[in-house]
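Visitor: Structure file entry.cif (mmCIF, C-alpha atoms) is given on the next line.
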```
data_data
loop_
_atom_site.label_atom_id
_atom_site.label_comp_id
_atom_site.auth_asym_id
_atom_site.auth_seq_id
_atom_site.Cartn_x
_atom_site.Cartn_y
_atom_site.Cartn_z
CA MET A 281 131.91 153.71 115.03
CA PRO A 282 128.16 154.51 114.82
CA GLU A 283 127.08 156.58 111.80
CA TYR A 284 126.12 160.18 112.54
CA ASP A 285 122.40 160.76 112.33
CA PRO A 286 121.12 164.35 112.28
CA GLU A 287 117.89 163.14 113.83
CA GLN A 288 119.81 162.22 116.99
CA GLU A 289 120.59 165.90 117.53
CA LEU A 290 117.06 166.97 116.72
CA GLY A 291 115.50 164.38 119.08
CA PRO A 292 116.35 166.18 122.36
CA LYS A 293 115.10 169.48 120.94
CA ILE A 294 111.76 167.94 120.03
CA THR A 295 111.47 166.35 123.46
CA SER A 296 112.24 169.66 125.12
CA ALA A 297 109.69 171.41 122.97
CA PHE A 298 107.02 168.92 124.06
CA GLN A 299 107.91 169.50 127.70
CA ASP A 300 108.02 173.30 127.45
CA HIS A 301 104.72 173.56 125.63
CA ALA A 302 102.82 170.67 127.27
CA GLY A 303 99.26 171.70 127.91
CA ALA A 304 99.51 174.78 125.68
CA THR A 305 96.78 174.95 123.06
CA GLY A 306 99.12 176.53 120.55
CA MET A 307 101.45 173.55 120.67
CA GLN A 308 99.40 171.61 118.08
CA LYS A 309 99.87 174.40 115.61
CA SER A 310 103.59 174.98 116.07
CA GLY A 311 105.94 174.00 113.23
CA LEU A 312 108.14 172.00 115.62
CA ALA A 313 105.22 169.82 116.77
CA ARG A 314 104.20 169.10 113.17
CA GLU A 315 107.79 168.10 112.37
CA ALA A 316 107.83 165.82 115.44
CA ARG A 317 104.65 164.05 114.39
CA ARG A 318 105.97 163.64 110.84
CA ARG A 319 109.22 162.07 112.01
CA VAL A 320 107.49 159.74 114.47
CA HIS A 321 105.16 158.58 111.70
CA ARG A 322 108.10 157.99 109.37
CA ARG A 323 109.92 155.92 112.00
CA ARG A 324 106.83 153.78 112.54
CA GLN A 325 106.68 153.09 108.81
CA ALA A 326 110.35 152.11 108.84
CA TRP A 327 109.69 149.65 111.69
CA SER A 328 106.78 148.12 109.78
CA VAL A 329 108.95 147.55 106.70
CA ALA A 330 111.73 146.01 108.81
CA ALA A 331 109.28 143.66 110.52
CA GLY A 332 107.81 142.62 107.17
CA ALA A 333 111.26 141.81 105.82
CA VAL A 334 111.68 139.15 108.50
CA LEU A 335 108.78 137.16 107.06
CA VAL A 336 109.61 134.73 104.27
CA ALA A 337 107.45 132.61 102.05
CA VAL A 338 108.35 129.15 100.82
CA VAL A 339 107.67 129.20 97.10
CA GLY A 340 108.14 126.22 94.72
CA GLY A 341 111.58 124.71 95.20
CA GLY A 342 113.22 127.51 97.20
CA VAL A 343 112.85 130.09 99.97
CA TRP A 344 111.83 133.58 98.86
CA GLY A 345 112.19 136.86 100.73
CA LEU A 346 110.25 140.09 100.68
CA ALA A 347 111.93 141.36 97.52
CA GLY A 348 110.95 138.19 95.62
CA SER A 349 114.48 136.95 94.92
CA GLU A 350 115.33 133.34 95.59
CA SER A 351 117.70 132.69 98.47
CA PRO A 352 120.64 130.26 98.23
CA VAL A 353 118.67 127.79 100.35
CA ALA A 354 116.82 125.34 98.12
CA SER A 355 114.70 122.33 98.90
CA SER A 356 115.63 118.77 97.96
CA HIS A 357 112.77 118.52 95.45
CA SER A 358 112.93 119.35 91.77
CA ASP A 359 111.00 122.18 90.14
CA THR A 360 108.16 119.76 89.48
CA GLY A 361 107.81 119.06 93.19
CA ALA A 362 108.54 115.35 92.77
CA ALA A 363 111.24 113.77 94.91
CA PRO A 364 113.78 111.57 93.13
CA ALA A 365 113.46 107.83 93.66
CA ALA A 366 115.50 106.66 96.63
CA GLY A 367 118.37 104.18 96.37
CA THR A 368 118.36 103.75 92.64
CA ALA A 369 120.09 105.13 89.66
CA LYS A 370 117.98 107.30 87.39
CA SER A 371 117.47 104.36 85.01
CA ASN A 372 118.71 101.45 87.18
CA GLY A 373 121.43 100.99 84.57
CA ILE A 374 118.92 99.94 81.90
CA VAL A 375 119.95 100.90 78.36
CA ALA A 376 118.96 100.13 74.79
CA PRO A 377 120.45 96.80 73.63
CA LYS A 378 123.40 96.89 71.25
CA ALA A 379 123.02 95.06 67.94
CA GLU A 380 125.89 92.66 68.64
CA SER A 381 124.54 91.60 72.03
CA THR A 382 120.82 91.20 71.35
CA CYS A 383 119.28 87.86 72.21
CA PRO A 384 119.47 85.39 69.29
CA SER A 385 116.77 82.78 68.84
CA GLY A 386 117.77 79.11 69.09
CA PRO A 387 120.63 79.72 71.53
CA ALA A 388 123.44 77.30 72.33
CA ILE A 389 122.05 76.71 75.82
CA GLN A 390 118.99 75.04 74.27
CA ARG A 391 121.11 72.43 72.48
CA ALA A 392 123.73 71.89 75.19
CA ASP A 393 124.19 68.53 76.92
CA GLY A 394 124.34 70.14 80.34
CA PRO A 395 124.18 73.46 82.18
CA ASN A 396 127.96 73.95 82.06
CA ALA A 397 128.46 72.84 78.45
CA LEU A 398 129.18 76.26 76.94
CA PRO A 399 130.89 76.13 73.55
CA ALA A 400 134.65 76.62 73.82
CA GLY A 401 135.71 80.25 73.99
CA THR A 402 132.24 81.63 74.65
CA GLY A 403 132.21 81.59 78.45
CA LEU A 404 133.17 84.70 80.42
CA GLU A 405 136.31 84.65 82.51
CA LEU A 406 135.25 86.65 85.54
CA SER A 407 138.50 88.63 85.59
CA THR A 408 137.65 90.11 82.18
CA PRO A 409 136.49 93.76 82.15
CA VAL A 410 132.94 94.09 80.87
CA THR A 411 131.34 97.09 79.18
CA GLY A 412 127.70 96.03 79.03
CA LEU A 413 125.23 93.22 79.58
CA THR A 414 122.14 91.84 77.87
CA ALA A 415 120.12 89.33 79.89
CA CYS A 416 118.20 86.87 77.68
CA ARG A 417 115.45 84.65 79.08
CA TYR A 418 114.64 81.60 76.94
CA ARG A 419 112.03 78.88 76.75
CA MET A 420 114.14 75.76 76.53
CA SER A 421 111.75 73.65 74.46
CA ASP A 422 112.05 75.79 71.32
CA GLY A 423 114.56 78.57 72.09
CA THR A 424 111.95 81.32 72.07
CA VAL A 425 113.08 84.57 73.66
CA LEU A 426 110.75 85.16 76.61
CA GLY A 427 112.37 88.42 77.63
CA GLN A 428 115.49 90.52 77.32
CA GLN A 429 116.99 93.54 79.01
CA ALA A 430 120.21 95.47 78.38
CA PHE A 431 122.31 97.10 81.13
CA ASP A 432 125.21 99.53 81.21
CA ALA A 433 128.81 98.77 82.17
CA SER A 434 128.24 99.58 85.84
CA VAL A 435 125.48 97.00 86.32
CA ALA A 436 127.34 94.48 84.16
CA GLN A 437 130.38 94.72 86.43
CA GLN A 438 128.20 94.50 89.55
CA VAL A 439 126.74 91.23 88.27
CA VAL A 440 130.21 89.78 87.62
CA ASN A 441 131.46 90.90 91.02
CA ALA A 442 128.43 89.37 92.75
CA ILE A 443 128.92 86.01 90.98
CA LYS A 444 132.66 85.54 91.38
CA ILE A 445 132.54 85.53 95.18
CA LEU A 446 129.92 82.76 95.35
CA PRO A 447 130.65 79.19 96.46
CA GLU A 448 130.15 76.30 94.07
CA ARG A 449 126.67 75.51 95.36
CA ASN A 450 123.99 76.90 97.63
CA PRO A 451 123.42 74.35 100.43
CA ALA A 452 120.13 76.02 101.37
CA LEU A 453 118.45 74.94 98.13
CA PRO A 454 116.58 71.60 97.96
CA VAL A 455 117.86 68.54 96.14
CA PHE A 456 115.23 67.10 93.82
CA LYS A 457 114.91 63.57 92.53
CA CYS A 458 113.09 63.31 89.24
CA ALA A 459 113.01 61.33 86.03
CA PRO A 460 115.54 62.28 83.32
CA GLN A 461 112.80 63.42 80.97
CA THR A 462 111.67 66.04 83.50
CA ALA A 463 115.12 67.00 84.75
CA LYS A 464 115.78 69.64 82.13
CA PRO A 465 114.59 73.18 82.91
CA ALA A 466 111.58 74.71 81.22
CA GLU A 467 113.46 78.00 80.95
CA ALA A 468 116.89 79.53 81.56
CA ILE A 469 118.74 82.83 81.26
CA VAL A 470 121.85 83.63 79.24
CA LEU A 471 123.90 86.63 80.37
CA ARG A 472 125.63 88.11 77.32
CA PHE A 473 128.48 90.41 78.36
CA SER A 474 130.18 92.88 76.02
CA THR A 475 133.99 92.74 76.27
CA ALA A 476 136.96 93.92 74.26
CA ASP A 477 137.09 90.43 72.67
CA GLY A 478 133.40 90.29 71.79
CA VAL A 479 130.37 88.81 73.55
CA ARG A 480 131.01 86.31 76.35
CA GLU A 481 128.30 84.40 78.22
CA ILE A 482 127.29 83.09 81.63
CA TRP A 483 124.41 80.62 81.75
CA VAL A 484 121.92 80.80 84.61
CA GLU A 485 119.90 77.69 85.55
CA TYR A 486 117.12 78.00 88.13
CA ASP A 487 114.50 75.49 87.01
CA GLY A 488 114.12 71.74 86.55
CA CYS A 489 116.05 69.14 88.57
CA GLU A 490 119.56 69.72 87.25
CA SER A 491 122.12 71.66 89.27
CA PRO A 492 121.06 75.32 89.65
CA GLY A 493 123.63 78.07 89.47
CA PHE A 494 125.81 80.28 87.27
CA PHE A 495 127.95 78.52 84.66
CA THR A 496 130.91 79.93 82.72
CA GLY A 497 132.08 76.74 80.98
CA THR A 498 135.08 76.45 83.30
CA HIS A 499 133.53 77.23 86.68
CA THR A 500 130.25 76.66 88.50
CA TYR A 501 128.83 79.05 91.07
CA GLY A 502 125.83 78.38 93.30
CA LEU A 503 122.45 80.02 92.77
CA PHE A 504 122.11 82.96 95.17
CA ALA A 505 119.79 85.97 95.22
CA ALA A 506 122.40 88.79 95.16
CA PRO A 507 123.31 88.54 91.46
CA LEU A 508 119.79 87.56 90.36
CA LYS A 509 118.10 90.72 91.61
CA LEU A 510 120.50 92.86 89.58
CA PHE A 511 119.28 91.57 86.21
CA MET A 512 115.96 89.78 86.87
CA VAL A 513 113.82 92.80 85.98
CA GLY A 514 111.02 93.41 83.51
CA THR A 515 110.46 90.52 81.10
CA VAL A 516 113.65 88.82 82.28
CA ARG A 517 112.10 88.19 85.71
CA PRO A 518 110.39 84.76 85.99
CA THR A 519 107.24 84.33 88.02
CA GLY A 520 108.91 81.46 89.85
CA SER A 521 110.58 78.09 89.35
CA SER A 522 111.51 74.92 91.20
CA TYR A 523 114.58 76.57 92.76
CA LEU A 524 113.51 80.20 92.85
CA ASN A 525 110.49 79.24 94.94
CA ALA A 526 112.91 78.03 97.60
CA LEU A 527 115.23 81.06 97.34
CA GLN A 528 114.65 84.18 99.40
CA GLY A 529 115.32 87.77 98.30
CA TRP A 530 115.67 87.40 94.54
#
```
Starting from the file, lay out its structure as structure tokens.

Guide:
Amino acid sequence: MPEYDPEQELGPKITSAFQDHAGATGMQKSGLAREARRRVHRRRQAWSVAAGAVLVAVVGGGVWGLAGSESPVASSHSDTGAAPAAGTAKSNGIVAPKAESTCPSGPAIQRADGPNALPAGTGLELSTPVTGLTACRYRMSDGTVLGQQAFDASVAQQVVNAIKILPERNPALPVFKCAPQTAKPAEAIVLRFSTADGVREIWVEYDGCESPGFFTGTHTYGLFAAPLKLFMVGTVRPTGSSYLNALQGW
């Protein structure tokens, strides 16, 4: 039910007064006419305030009204005005390396007789839960660490999941014929996974003339881009190699 307004009752009286005294010179001086003008002026002010309240200003990260309070509607940007990076985690899963999984110099891969010759008990069974990963890139001639990067459990598990579905070889890669002295790779990567039983490794070969791929000591998986792009970042990312140059999307 509409709220009672005393001005509604006064309105017809004012209108009648205007009609009865129209044209009379004394009308301008009557108390009723002055009251009418005052009320009309007040109503116009009320309309101006109402119209101004409709206008809003977009300030910073939110929408602000006339009173200056922030509405519940906020923009997708932060207070700094910078949009978050799309499609990535805040740190891409990169973390500080743990002491037990840092890259040792003179690794076993440097001394091994072949790409799948991991020492017994050091290879990762891909059904094993992993809690972290350190990717170590080595120069094979002297075992120098060329780069390393540590990742959290989420990225570590993504790498394992991407490897275990791969076939034994990638038929799209070329087959090279070269002398034995040039067959060995100039560099390679060792993936050192943290597990409940300690550090376990997967060796990654992508250079030279030997078979490229991921090696666990018991299984061989072909070299494909999907796992590589998860950990080949920063100093762990090579500029190229005999097989990487033929591989798309890494």

Visitor: What residues come out when you apply the PyMOL selection byres ((chain A and resi 384-398) around 12) to this file, written as a PyMOL selection string?

Guide: chain A and resi 379-383+399-404+414-428+463-472+480-501

Visitor: How far is it from CA of Tyr523 in chain A to CA of Lys509 in chain A, in Å with one decimal?

Guide: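 Those two atoms sit 14.6 Å apart.
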
Visitor: Mind giving me the straight-line distance from CA of Asn441 in chain A to CA of Thr515 in chain A in Å, one decimal?

Guide: 23.2 Å

Visitor: Give me the residues within 10 Å of Val375 in chain A as a ChimeraX atom specification, counting only C-alpha atoms and dropping any in the same chain fewer than 4 places off.

Guide: /A:371,412-414,429-433

Visitor: Need the shell around Ala506 in chain A: protein/DNA/RNA residues with any atom at most 8 Å away, counting only C-alpha atoms. Skip same-chain ones fewer than 3 positions apart. Format as an mmCIF file with C-alpha atoms, in the coordinates of the input?

Guide:
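Writing the result to selection-v9.cif gives the following:
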```
data_model
loop_
_atom_site.group_PDB
_atom_site.id
_atom_site.type_symbol
_atom_site.label_atom_id
_atom_site.label_comp_id
_atom_site.auth_asym_id
_atom_site.auth_seq_id
_atom_site.Cartn_x
_atom_site.Cartn_y
_atom_site.Cartn_z
ATOM 1 C CA ALA A 442 128.430 89.370 92.750
ATOM 2 C CA LYS A 509 118.100 90.720 91.610
ATOM 3 C CA LEU A 510 120.500 92.860 89.580
ATOM 4 C CA GLY A 529 115.320 87.770 98.300
ATOM 5 C CA TRP A 530 115.670 87.400 94.540
#
```

Visitor: Any idea what the distance is between CA of Gly373 in chain A and CA of Pro409 in chain A?

Guide: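 Here the two named atoms are 16.9 Å from each other.
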
Visitor: Using the chain letters and numbers from the file, give me the residues hit by the PyMOL selection byres ((chain A and resi 446) around 9), as a ChimeraX atom specification.

Guide: /A:442-445,447-450,501-504

Visitor: Since the input is missing atoms, can you rebuild N, CA, C and O atoms for range 493-505 of chain A and write them as a PDB file, in the frame of the given file?

Guide:
```
ATOM      1  N   GLY A 493     122.457  77.236  89.226  1.00  0.00           N
ATOM      2  CA  GLY A 493     123.630  78.070  89.470  1.00  0.00           C
ATOM      3  C   GLY A 493     124.005  78.905  88.264  1.00  0.00           C
ATOM      4  O   GLY A 493     123.250  79.046  87.295  1.00  0.00           O
ATOM      5  N   PHE A 494     125.228  79.470  88.337  1.00  0.00           N
ATOM      6  CA  PHE A 494     125.810  80.280  87.270  1.00  0.00           C
ATOM      7  C   PHE A 494     126.967  79.484  86.666  1.00  0.00           C
ATOM      8  O   PHE A 494     127.854  79.000  87.387  1.00  0.00           O
ATOM      9  N   PHE A 495     126.987  79.376  85.338  1.00  0.00           N
ATOM     10  CA  PHE A 495     127.950  78.520  84.660  1.00  0.00           C
ATOM     11  C   PHE A 495     128.728  79.317  83.611  1.00  0.00           C
ATOM     12  O   PHE A 495     128.129  79.991  82.769  1.00  0.00           O
ATOM     13  N   THR A 496     130.058  79.203  83.663  1.00  0.00           N
ATOM     14  CA  THR A 496     130.910  79.930  82.720  1.00  0.00           C
ATOM     15  C   THR A 496     131.573  79.006  81.705  1.00  0.00           C
ATOM     16  O   THR A 496     132.259  79.478  80.804  1.00  0.00           O
ATOM     17  N   GLY A 497     131.395  77.697  81.838  1.00  0.00           N
ATOM     18  CA  GLY A 497     132.080  76.740  80.980  1.00  0.00           C
ATOM     19  C   GLY A 497     133.311  76.161  81.637  1.00  0.00           C
ATOM     20  O   GLY A 497     133.712  75.037  81.348  1.00  0.00           O
ATOM     21  N   THR A 498     133.911  76.940  82.548  1.00  0.00           N
ATOM     22  CA  THR A 498     135.080  76.450  83.300  1.00  0.00           C
ATOM     23  C   THR A 498     134.819  76.427  84.799  1.00  0.00           C
ATOM     24  O   THR A 498     135.528  75.727  85.534  1.00  0.00           O
ATOM     25  N   HIS A 499     133.833  77.171  85.256  1.00  0.00           N
ATOM     26  CA  HIS A 499     133.530  77.230  86.680  1.00  0.00           C
ATOM     27  C   HIS A 499     132.016  77.190  86.904  1.00  0.00           C
ATOM     28  O   HIS A 499     131.240  77.600  86.041  1.00  0.00           O
ATOM     29  N   THR A 500     131.652  76.689  88.076  1.00  0.00           N
ATOM     30  CA  THR A 500     130.250  76.660  88.500  1.00  0.00           C
ATOM     31  C   THR A 500     130.113  77.434  89.795  1.00  0.00           C
ATOM     32  O   THR A 500     130.923  77.275  90.720  1.00  0.00           O
ATOM     33  N   TYR A 501     129.088  78.263  89.870  1.00  0.00           N
ATOM     34  CA  TYR A 501     128.830  79.050  91.070  1.00  0.00           C
ATOM     35  C   TYR A 501     127.378  78.815  91.489  1.00  0.00           C
ATOM     36  O   TYR A 501     126.477  78.737  90.652  1.00  0.00           O
ATOM     37  N   GLY A 502     127.158  78.683  92.787  1.00  0.00           N
ATOM     38  CA  GLY A 502     125.830  78.380  93.300  1.00  0.00           C
ATOM     39  C   GLY A 502     124.808  79.473  93.011  1.00  0.00           C
ATOM     40  O   GLY A 502     125.158  80.634  92.760  1.00  0.00           O
ATOM     41  N   LEU A 503     123.540  79.085  93.037  1.00  0.00           N
ATOM     42  CA  LEU A 503     122.450  80.020  92.770  1.00  0.00           C
ATOM     43  C   LEU A 503     122.109  80.794  94.050  1.00  0.00           C
ATOM     44  O   LEU A 503     121.592  80.222  95.015  1.00  0.00           O
ATOM     45  N   PHE A 504     122.412  82.076  94.036  1.00  0.00           N
ATOM     46  CA  PHE A 504     122.110  82.960  95.170  1.00  0.00           C
ATOM     47  C   PHE A 504     121.367  84.192  94.663  1.00  0.00           C
ATOM     48  O   PHE A 504     121.435  84.540  93.480  1.00  0.00           O
ATOM     49  N   ALA A 505     120.671  84.868  95.593  1.00  0.00           N
ATOM     50  CA  ALA A 505     119.790  85.970  95.220  1.00  0.00           C
ATOM     51  C   ALA A 505     120.547  87.237  94.795  1.00  0.00           C
ATOM     52  O   ALA A 505     120.058  87.995  93.945  1.00  0.00           O
TER      53      ALA A 505
END
```
